[in-house]
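File shown here: structure-v4.cif, holding mmCIF, C-alpha atoms.
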```
data_my_file
#
loop_
_atom_site.label_atom_id
_atom_site.label_comp_id
_atom_site.auth_asym_id
_atom_site.auth_seq_id
_atom_site.Cartn_x
_atom_site.Cartn_y
_atom_site.Cartn_z
CA MET A 1 83.46 -145.93 149.12
CA GLU A 2 86.02 -147.47 151.48
CA GLU A 3 88.83 -144.90 151.13
CA TRP A 4 88.78 -141.57 152.99
CA TYR A 5 89.79 -139.64 149.90
CA HIS A 6 86.60 -140.76 148.15
CA TYR A 7 84.66 -138.53 150.53
CA LEU A 8 87.06 -135.64 149.98
CA LEU A 9 86.52 -136.09 146.24
CA LEU A 10 82.76 -135.95 146.78
CA ILE A 11 83.02 -132.65 148.66
CA ILE A 12 85.23 -131.09 145.98
CA VAL A 13 83.00 -132.31 143.17
CA GLY A 14 79.95 -131.23 145.14
CA PHE A 15 81.25 -127.66 145.44
CA ALA A 16 81.73 -127.46 141.67
CA VAL A 17 78.28 -128.98 141.06
CA GLY A 18 76.58 -126.64 143.53
CA PHE A 19 78.17 -123.61 141.88
CA ILE A 20 77.33 -124.79 138.35
CA ASN A 21 73.74 -125.74 139.18
CA THR A 22 73.04 -122.44 140.93
CA VAL A 23 74.42 -120.17 138.21
CA ALA A 24 73.28 -122.23 135.20
CA GLY A 25 72.52 -125.96 135.37
CA GLY A 26 73.83 -129.34 134.26
CA GLY A 27 75.93 -130.03 137.33
CA SER A 28 74.42 -133.48 137.76
CA LEU A 29 76.27 -134.52 134.62
CA LEU A 30 79.37 -134.26 136.79
CA SER A 31 78.13 -135.68 140.08
CA LEU A 32 76.24 -138.70 138.68
CA PRO A 33 79.27 -140.23 136.87
CA VAL A 34 81.41 -139.68 139.98
CA LEU A 35 78.88 -141.48 142.19
CA ILE A 36 78.69 -144.35 139.71
CA PHE A 37 82.50 -144.46 139.48
CA LEU A 38 82.66 -144.77 143.27
CA GLY A 39 80.50 -147.88 143.14
CA LEU A 40 76.85 -146.83 143.34
CA PRO A 41 74.42 -148.44 140.85
CA PRO A 42 72.99 -145.82 138.43
CA ALA A 43 69.52 -145.77 140.02
CA VAL A 44 71.00 -145.41 143.51
CA ALA A 45 73.38 -142.70 142.28
CA ASN A 46 70.39 -140.86 140.83
CA GLY A 47 68.53 -141.06 144.13
CA THR A 48 71.54 -140.22 146.30
CA ASN A 49 72.31 -137.18 144.18
CA ARG A 50 68.89 -135.79 145.13
CA VAL A 51 69.99 -135.42 148.76
CA ALA A 52 72.75 -133.03 147.73
CA ILE A 53 70.46 -131.09 145.38
CA VAL A 54 67.90 -130.51 148.15
CA VAL A 55 70.61 -129.07 150.41
CA GLN A 56 72.14 -127.15 147.49
CA THR A 57 68.88 -125.43 146.53
CA ALA A 58 68.07 -124.61 150.16
CA MET A 59 71.46 -122.91 150.54
CA ALA A 60 71.11 -121.11 147.20
CA THR A 61 67.67 -119.84 148.20
CA ALA A 62 69.10 -118.50 151.46
CA GLY A 63 71.99 -116.92 149.55
CA PHE A 64 69.72 -115.10 147.11
CA LYS A 65 67.42 -113.98 149.91
CA SER A 66 70.39 -112.60 151.86
CA LYS A 67 71.01 -110.35 148.85
CA GLY A 68 67.37 -109.27 148.73
CA VAL A 69 66.40 -111.34 145.67
CA SER A 70 63.06 -113.16 145.93
CA THR A 71 60.08 -113.79 143.63
CA PHE A 72 57.61 -115.00 146.28
CA PRO A 73 54.81 -116.09 145.81
CA PHE A 74 55.34 -116.72 142.07
CA ASN A 75 58.13 -119.21 142.78
CA ILE A 76 55.90 -121.19 145.15
CA TYR A 77 53.13 -121.55 142.54
CA LEU A 78 55.62 -122.95 140.03
CA GLY A 79 57.24 -125.11 142.69
CA ILE A 80 53.98 -126.81 143.67
CA SER A 81 53.17 -127.52 140.02
CA ALA A 82 56.65 -128.96 139.44
CA LEU A 83 56.34 -131.02 142.64
CA LEU A 84 53.26 -132.79 141.30
CA GLY A 85 55.06 -133.52 138.03
CA ALA A 86 58.15 -134.76 139.84
CA ILE A 87 56.15 -137.43 141.68
CA ILE A 88 55.15 -138.83 138.30
CA GLY A 89 58.65 -138.49 136.83
CA ALA A 90 60.34 -140.24 139.75
CA ARG A 91 58.04 -143.24 139.33
CA ILE A 92 58.46 -143.59 135.60
CA ALA A 93 60.27 -146.71 134.45
CA VAL A 94 60.50 -146.68 130.68
CA ASP A 95 62.84 -148.67 128.46
CA VAL A 96 64.34 -145.88 126.35
CA ASP A 97 67.48 -146.10 124.25
CA GLY A 98 69.89 -144.00 126.31
CA GLU A 99 72.22 -143.01 123.49
CA ALA A 100 69.39 -141.77 121.25
CA PHE A 101 67.84 -139.86 124.15
CA ASN A 102 71.11 -138.14 125.02
CA ARG A 103 71.76 -137.10 121.41
CA ILE A 104 68.30 -135.58 121.13
CA LEU A 105 68.91 -133.72 124.38
CA ALA A 106 72.29 -132.56 123.05
CA ILE A 107 70.53 -130.98 120.04
CA VAL A 108 68.11 -129.27 122.42
CA MET A 109 71.01 -127.90 124.46
CA LEU A 110 72.78 -126.57 121.37
CA SER A 111 69.53 -124.91 120.34
CA VAL A 112 69.48 -123.26 123.75
CA VAL A 113 72.95 -121.84 123.08
CA LEU A 114 71.84 -120.42 119.73
CA ILE A 115 68.79 -118.82 121.33
CA ILE A 116 70.93 -117.25 124.05
CA LEU A 117 73.46 -115.91 121.56
CA PHE A 118 71.16 -114.71 118.78
CA LYS A 119 67.88 -113.80 120.46
CA PRO A 120 66.69 -110.22 119.85
CA ARG A 121 68.19 -107.84 122.36
CA ILE A 122 65.54 -106.90 124.88
CA LYS A 123 66.35 -104.70 127.83
CA ILE A 124 64.64 -106.83 130.43
CA ASN A 125 65.24 -104.23 133.11
CA ASP A 126 63.16 -101.73 131.11
CA LEU A 127 60.17 -104.10 130.92
CA GLU A 128 57.74 -105.20 133.57
CA GLU A 129 57.89 -108.80 134.73
CA ARG A 130 54.94 -110.91 133.67
CA LEU A 131 54.08 -112.98 136.73
CA THR A 132 50.28 -112.92 136.78
CA GLY A 133 47.31 -113.84 134.59
CA LYS A 134 47.97 -116.00 131.55
CA TYR A 135 51.73 -115.91 132.10
CA LEU A 136 51.32 -117.36 135.58
CA TRP A 137 49.05 -120.15 134.28
CA LEU A 138 51.38 -120.85 131.38
CA GLY A 139 54.23 -121.16 133.85
CA ILE A 140 52.24 -123.52 136.06
CA VAL A 141 51.50 -125.82 133.10
CA VAL A 142 55.05 -125.77 131.70
CA PHE A 143 56.66 -126.31 135.09
CA PHE A 144 54.45 -129.35 135.69
CA PHE A 145 56.18 -130.97 132.71
CA PHE A 146 59.54 -129.63 133.84
CA GLY A 147 58.80 -131.41 137.12
CA ILE A 148 58.20 -134.73 135.35
CA TYR A 149 61.62 -134.53 133.71
CA GLY A 150 63.18 -133.28 136.94
CA GLY A 151 61.76 -136.21 138.86
CA PHE A 152 63.05 -138.62 136.25
CA ILE A 153 66.67 -137.46 135.93
CA ASN A 154 66.90 -133.63 136.35
CA ALA A 155 70.23 -133.15 134.50
CA GLY A 156 70.19 -129.99 132.38
CA LEU A 157 66.72 -128.86 133.41
CA GLY A 158 68.06 -125.64 134.94
CA PHE A 159 68.94 -124.33 131.48
CA LEU A 160 65.37 -124.67 130.24
CA MET A 161 63.93 -123.11 133.37
CA LEU A 162 66.18 -120.07 133.03
CA LEU A 163 65.27 -119.59 129.38
CA PHE A 164 61.55 -119.86 130.07
CA LEU A 165 61.61 -117.42 132.98
CA ASN A 166 63.84 -115.01 131.08
CA PHE A 167 61.91 -115.00 127.78
CA VAL A 168 58.31 -115.60 128.86
CA ASN A 169 58.19 -113.94 132.28
CA ARG A 170 60.79 -111.29 131.40
CA MET A 171 62.86 -111.90 134.51
CA THR A 172 66.49 -110.92 134.69
CA LEU A 173 68.77 -113.95 134.82
CA VAL A 174 69.55 -113.19 138.45
CA ARG A 175 65.86 -113.24 139.44
CA ALA A 176 65.23 -116.24 137.18
CA ASN A 177 67.98 -118.11 139.03
CA ALA A 178 66.47 -117.16 142.39
CA THR A 179 63.13 -118.53 141.19
CA LYS A 180 64.69 -121.67 139.77
CA VAL A 181 66.38 -122.75 142.99
CA VAL A 182 63.13 -122.46 144.98
CA VAL A 183 61.26 -124.50 142.37
CA VAL A 184 63.94 -127.20 142.29
CA PHE A 185 64.04 -127.38 146.09
CA THR A 186 60.26 -127.87 146.19
CA TYR A 187 59.94 -130.61 143.59
CA MET A 188 63.20 -132.32 144.56
CA LEU A 189 61.78 -133.08 147.99
CA SER A 190 59.00 -135.17 146.45
CA ALA A 191 61.38 -136.94 144.08
CA LEU A 192 63.73 -137.74 146.96
CA VAL A 193 60.87 -139.28 148.96
CA VAL A 194 60.00 -141.57 146.04
CA PHE A 195 63.62 -142.69 145.64
CA ALA A 196 63.98 -143.21 149.39
CA LEU A 197 60.81 -145.31 149.62
CA ASN A 198 62.28 -147.55 146.93
CA ASP A 199 65.62 -147.90 148.76
CA LYS A 200 67.53 -145.96 146.11
CA VAL A 201 69.32 -143.52 148.45
CA VAL A 202 72.62 -143.91 150.33
CA TRP A 203 72.09 -141.18 152.90
CA PHE A 204 75.60 -140.81 154.28
CA VAL A 205 77.12 -140.47 150.80
CA GLY A 206 74.38 -138.02 149.86
CA PHE A 207 75.06 -135.81 152.87
CA VAL A 208 78.82 -135.83 152.23
CA LEU A 209 78.17 -134.71 148.66
CA ALA A 210 75.71 -132.15 150.05
CA ILE A 211 78.49 -130.46 152.05
CA GLY A 212 80.13 -129.50 148.78
CA ASN A 213 76.88 -128.78 146.93
CA GLY A 214 75.55 -126.52 149.64
CA THR A 215 78.78 -124.54 150.00
CA GLY A 216 79.10 -124.10 146.23
CA ALA A 217 75.47 -122.97 145.98
CA TRP A 218 75.85 -120.38 148.75
CA VAL A 219 78.94 -118.89 147.11
CA ALA A 220 77.38 -118.95 143.62
CA SER A 221 74.09 -117.34 144.67
CA ARG A 222 75.76 -114.35 146.29
CA PHE A 223 78.47 -114.09 143.62
CA SER A 224 75.99 -114.14 140.73
CA VAL A 225 73.92 -111.32 142.27
CA LYS A 226 77.08 -109.24 142.53
CA LYS A 227 78.21 -109.97 138.96
CA GLY A 228 74.78 -109.65 137.35
CA ASP A 229 73.25 -110.96 134.12
CA GLY A 230 76.37 -110.63 131.97
CA PHE A 231 78.29 -113.15 134.06
CA ILE A 232 75.35 -115.56 134.17
CA LYS A 233 74.82 -115.38 130.41
CA THR A 234 78.49 -116.19 129.69
CA PHE A 235 78.53 -119.01 132.23
CA LEU A 236 75.25 -120.36 130.85
CA VAL A 237 76.53 -120.51 127.27
CA VAL A 238 79.72 -122.30 128.33
CA MET A 239 77.90 -124.88 130.45
CA VAL A 240 75.19 -125.61 127.87
CA THR A 241 77.86 -126.17 125.22
CA ILE A 242 79.84 -128.53 127.46
CA MET A 243 76.68 -130.44 128.36
CA ALA A 244 75.65 -130.82 124.72
CA ILE A 245 79.07 -132.16 123.73
CA LYS A 246 79.08 -134.63 126.62
CA LEU A 247 75.58 -135.88 125.82
CA TRP A 248 76.41 -136.33 122.14
CA PHE A 249 79.58 -138.38 122.61
CA PHE A 250 78.85 -140.22 125.87
CA SER A 251 75.71 -142.29 126.41
CA ASN A 252 75.75 -142.55 130.22
CA TYR A 253 74.72 -139.27 131.84
#
```

Just give me the structure of the file as structure tokens.
Amino acid sequence: MEEWYHYLLLIIVGFAVGFINTVAGGGSLLSLPVLIFLGLPPAVANGTNRVAIVVQTAMATAGFKSKGVSTFPFNIYLGISALLGAIIGARIAVDVDGEAFNRILAIVMLSVVLIILFKPRIKINDLEERLTGKYLWLGIVVFFFFGIYGGFINAGLGFLMLLFLNFVNRMTLVRANATKVVVVFTYMLSALVVFALNDKVVWFVGFVLAIGNGTGAWVASRFSVKKGDGFIKTFLVVMVTIMAIKLWFFSNY
């Protein structure tokens, strides 16, 4: 990280990642390799990337709110549950074969694409959201486990969150995205603390990347509200497919 253009690269990449993460997910599969390429050890890259994601989700939350899209207090309940899971996930150190893990995740991502494309057509706007009772408790339990994975690596988790909120809670993709960014912001704070306490964060690099992430998230949040569910669905399918292909053929992030 000795050349000035390295920081310019981080801002450009960060903008793309912030946009991708806010509309769909999987942006960390772009930012993590770039951080590693620029000289950060994988664990430090993972921790440093969390700085940008915290800023990104804060900006996305503000962007959605500026357009009148909020799911409070439902998003806070899920966020607290995910936060507790993320503390566990960030502390996990397990010797897992990376290539096998990535290929399994690739199959999961392709399954997500098939669900998106071939699920029964339900007019979500004609149905009431299910944010209380058993659906709230189911969300709290599921998002605890989402938090564990998010604390561990986070890449691609946004896809699964969107699907769950869309199918189970019957949210539109726009409102599901608004919920997702609040949840990620909440649990990412705890994960970042764990990484920081273990000296796995390069703060200056993280904040440079965050300039791009935050700007991309602000633009994406407002743009996606304007374009609606059709745009998000198309973008989601494209990004899940790209992520699955990358995970299948490349073993490192």

Checklist entry - Smallest atom-to-atom distance to A:Lys200: which of A:Gly26, A:Pro42, A:Asn213, A:His6, using only C-alpha atoms? => result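 Among the listed residues, A:Pro42 lies closest to A:Lys200.
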
Checklist entry - Could you name the residues that touch stretch 165-168 of chain A at 8 Å or less, counting all atoms listed in the file, but leaving out those on the same chain fewer than 5 positions away, as number ranges by chain? => result A: 130, 135, 173, 176

Checklist entry - Applied to this file, what does the PyMOL selection byres ((chain A and resi 158) around 10) return in terms of residues, put as a ChimeraX atom specification? => result /A:20-27,146,150,154-157,159-164,177,180-181,184,236

Checklist entry - Looking at all atoms listed in the file, which of A:Val182, A:Ile140, A:Val240, A:Ala191 is the one that sits closest to A:Ala62? => result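 Between A:Val182, A:Ile140, A:Val240, A:Ala191, the residue approaching A:Ala62 most closely is A:Val182.
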
Checklist entry - Just so the selection is clear, what residues does the PyMOL selection byres ((chain A and resi 37-41) around 12) cover here, as a ChimeraX atom specification? => result /A:1-7,9-10,30-36,42-49,199-202,205-206,252

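Of the residues under consideration (A:Val193, A:Ile242, A:Ile148, A:Ala210), A:Ile148 shows the shortest atom-to-atom contact distance to A:Gly85 when counting only C-alpha atoms.
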
Item to check | Pick from A:Val141, A:Ile107, A:Ala220, A:Leu78, whichever lies nearest to A:Thr186 using only C-alpha atoms | outcome: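 Nearest candidate to A:Thr186 out of A:Val141, A:Ile107, A:Ala220, A:Leu78: A:Leu78.
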
Next on the checklist: I'd like to know which of A:Arg170, A:Lys246, A:Lys227, A:Arg175 is closest to A:Glu128, using all atoms listed in the file.
Outcome noted: A:Arg170

Checklist entry - atom CA of A:Ser28 and atom CA of A:Ile245, how far apart in Å? => result 14.8 Å

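The smallest atom-to-atom distance between A:Ile232 and any of A:Asn198, A:Thr71, A:Thr172, A:Ser111, using all atoms listed in the file, is found for A:Thr172.
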
Checklist entry - Separation of atom CA of A:Lys134 and atom CA of A:Phe74, in Å? => result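 These two atoms are separated by 12.9 Å.
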
Next on the checklist: Using Å and a single decimal, report how far atom CA of A:Leu8 sits from atom CA of A:Gly216.
Outcome noted: 14.5 Å

Show me, as a compact mmCIF listing (two decimals) with C-alpha atoms, keeping the file's coordinate frame, the residues that have an atom within 10 Å of A:Lys65 when counting only C-alpha atoms, minus same-chain residues fewer than 6 positions from it.
```txt
# COMPACT_ATOMS: atom_id res chain seq x y z
CA MET A 59 71.46 -122.91 150.54
CA THR A 71 60.08 -113.79 143.63
CA ALA A 178 66.47 -117.16 142.39
CA SER A 221 74.09 -117.34 144.67
CA ARG A 222 75.76 -114.35 146.29
```

Next on the checklist: Please expand the PyMOL selection byres ((chain A and resi 226) around 12) into the concrete residues it hits in this file, giving the result as an NGL selection string.
Outcome noted: :A and (63-64 or 66-69 or 174 or 219-225 or 227-232)

Can you take the partial stretch 207-229 of chain A, add N, CA, C and O atoms, and return it as a PDB file, keeping the file's coordinate frame?
```pdb
ATOM      1  N   PHE A 207      74.786-136.960 152.009  1.00  0.00           N
ATOM      2  CA  PHE A 207      75.060-135.810 152.870  1.00  0.00           C
ATOM      3  C   PHE A 207      76.503-135.326 152.740  1.00  0.00           C
ATOM      4  O   PHE A 207      76.775-134.132 152.875  1.00  0.00           O
ATOM      5  N   VAL A 208      77.427-136.247 152.477  1.00  0.00           N
ATOM      6  CA  VAL A 208      78.820-135.830 152.230  1.00  0.00           C
ATOM      7  C   VAL A 208      78.877-134.984 150.956  1.00  0.00           C
ATOM      8  O   VAL A 208      79.500-133.912 150.920  1.00  0.00           O
ATOM      9  N   LEU A 209      78.239-135.468 149.912  1.00  0.00           N
ATOM     10  CA  LEU A 209      78.170-134.710 148.660  1.00  0.00           C
ATOM     11  C   LEU A 209      77.475-133.365 148.899  1.00  0.00           C
ATOM     12  O   LEU A 209      77.870-132.342 148.320  1.00  0.00           O
ATOM     13  N   ALA A 210      76.486-133.365 149.773  1.00  0.00           N
ATOM     14  CA  ALA A 210      75.710-132.150 150.050  1.00  0.00           C
ATOM     15  C   ALA A 210      76.556-131.067 150.715  1.00  0.00           C
ATOM     16  O   ALA A 210      76.270-129.870 150.564  1.00  0.00           O
ATOM     17  N   ILE A 211      77.591-131.463 151.448  1.00  0.00           N
ATOM     18  CA  ILE A 211      78.490-130.460 152.050  1.00  0.00           C
ATOM     19  C   ILE A 211      79.084-129.584 150.962  1.00  0.00           C
ATOM     20  O   ILE A 211      79.112-128.353 151.064  1.00  0.00           O
ATOM     21  N   GLY A 212      79.562-130.239 149.902  1.00  0.00           N
ATOM     22  CA  GLY A 212      80.130-129.500 148.780  1.00  0.00           C
ATOM     23  C   GLY A 212      79.061-128.744 148.006  1.00  0.00           C
ATOM     24  O   GLY A 212      79.227-127.558 147.693  1.00  0.00           O
ATOM     25  N   ASN A 213      77.957-129.418 147.696  1.00  0.00           N
ATOM     26  CA  ASN A 213      76.880-128.780 146.930  1.00  0.00           C
ATOM     27  C   ASN A 213      76.356-127.520 147.626  1.00  0.00           C
ATOM     28  O   ASN A 213      76.174-126.475 146.999  1.00  0.00           O
ATOM     29  N   GLY A 214      76.098-127.643 148.902  1.00  0.00           N
ATOM     30  CA  GLY A 214      75.550-126.520 149.640  1.00  0.00           C
ATOM     31  C   GLY A 214      76.496-125.339 149.709  1.00  0.00           C
ATOM     32  O   GLY A 214      76.086-124.180 149.543  1.00  0.00           O
ATOM     33  N   THR A 215      77.780-125.620 149.944  1.00  0.00           N
ATOM     34  CA  THR A 215      78.780-124.540 150.000  1.00  0.00           C
ATOM     35  C   THR A 215      78.915-123.857 148.642  1.00  0.00           C
ATOM     36  O   THR A 215      78.952-122.628 148.551  1.00  0.00           O
ATOM     37  N   GLY A 216      78.987-124.657 147.582  1.00  0.00           N
ATOM     38  CA  GLY A 216      79.100-124.100 146.230  1.00  0.00           C
ATOM     39  C   GLY A 216      77.888-123.260 145.870  1.00  0.00           C
ATOM     40  O   GLY A 216      78.005-122.208 145.230  1.00  0.00           O
ATOM     41  N   ALA A 217      76.697-123.702 146.280  1.00  0.00           N
ATOM     42  CA  ALA A 217      75.470-122.970 145.980  1.00  0.00           C
ATOM     43  C   ALA A 217      75.422-121.636 146.716  1.00  0.00           C
ATOM     44  O   ALA A 217      74.991-120.623 146.152  1.00  0.00           O
ATOM     45  N   TRP A 218      75.837-121.626 147.977  1.00  0.00           N
ATOM     46  CA  TRP A 218      75.850-120.380 148.750  1.00  0.00           C
ATOM     47  C   TRP A 218      76.775-119.346 148.113  1.00  0.00           C
ATOM     48  O   TRP A 218      76.404-118.183 147.926  1.00  0.00           O
ATOM     49  N   VAL A 219      77.976-119.792 147.751  1.00  0.00           N
ATOM     50  CA  VAL A 219      78.940-118.890 147.110  1.00  0.00           C
ATOM     51  C   VAL A 219      78.413-118.391 145.774  1.00  0.00           C
ATOM     52  O   VAL A 219      78.465-117.195 145.467  1.00  0.00           O
ATOM     53  N   ALA A 220      77.857-119.311 144.966  1.00  0.00           N
ATOM     54  CA  ALA A 220      77.380-118.950 143.620  1.00  0.00           C
ATOM     55  C   ALA A 220      76.207-117.990 143.673  1.00  0.00           C
ATOM     56  O   ALA A 220      76.127-117.055 142.860  1.00  0.00           O
ATOM     57  N   SER A 221      75.280-118.198 144.602  1.00  0.00           N
ATOM     58  CA  SER A 221      74.090-117.340 144.670  1.00  0.00           C
ATOM     59  C   SER A 221      74.467-115.896 144.973  1.00  0.00           C
ATOM     60  O   SER A 221      73.987-114.960 144.325  1.00  0.00           O
ATOM     61  N   ARG A 222      75.353-115.704 145.916  1.00  0.00           N
ATOM     62  CA  ARG A 222      75.760-114.350 146.290  1.00  0.00           C
ATOM     63  C   ARG A 222      76.680-113.735 145.224  1.00  0.00           C
ATOM     64  O   ARG A 222      76.590-112.551 144.909  1.00  0.00           O
ATOM     65  N   PHE A 223      77.533-114.562 144.655  1.00  0.00           N
ATOM     66  CA  PHE A 223      78.470-114.090 143.620  1.00  0.00           C
ATOM     67  C   PHE A 223      77.727-113.667 142.362  1.00  0.00           C
ATOM     68  O   PHE A 223      78.058-112.646 141.747  1.00  0.00           O
ATOM     69  N   SER A 224      76.705-114.449 141.958  1.00  0.00           N
ATOM     70  CA  SER A 224      75.990-114.140 140.730  1.00  0.00           C
ATOM     71  C   SER A 224      75.169-112.856 140.857  1.00  0.00           C
ATOM     72  O   SER A 224      75.007-112.117 139.883  1.00  0.00           O
ATOM     73  N   VAL A 225      74.648-112.581 142.050  1.00  0.00           N
ATOM     74  CA  VAL A 225      73.920-111.320 142.270  1.00  0.00           C
ATOM     75  C   VAL A 225      74.877-110.148 142.105  1.00  0.00           C
ATOM     76  O   VAL A 225      74.544-109.129 141.501  1.00  0.00           O
ATOM     77  N   LYS A 226      76.077-110.305 142.623  1.00  0.00           N
ATOM     78  CA  LYS A 226      77.080-109.240 142.530  1.00  0.00           C
ATOM     79  C   LYS A 226      77.517-109.005 141.093  1.00  0.00           C
ATOM     80  O   LYS A 226      77.664-107.867 140.641  1.00  0.00           O
ATOM     81  N   LYS A 227      77.704-110.087 140.332  1.00  0.00           N
ATOM     82  CA  LYS A 227      78.210-109.970 138.960  1.00  0.00           C
ATOM     83  C   LYS A 227      77.119-109.611 137.954  1.00  0.00           C
ATOM     84  O   LYS A 227      77.401-109.016 136.918  1.00  0.00           O
ATOM     85  N   GLY A 228      75.871-110.032 138.217  1.00  0.00           N
ATOM     86  CA  GLY A 228      74.780-109.650 137.350  1.00  0.00           C
ATOM     87  C   GLY A 228      74.566-110.570 136.155  1.00  0.00           C
ATOM     88  O   GLY A 228      75.191-111.635 136.028  1.00  0.00           O
ATOM     89  N   ASP A 229      73.681-110.129 135.236  1.00  0.00           N
ATOM     90  CA  ASP A 229      73.250-110.960 134.120  1.00  0.00           C
ATOM     91  C   ASP A 229      74.354-111.287 133.125  1.00  0.00           C
ATOM     92  O   ASP A 229      74.344-112.350 132.507  1.00  0.00           O
TER      93      ASP A 229
END
```
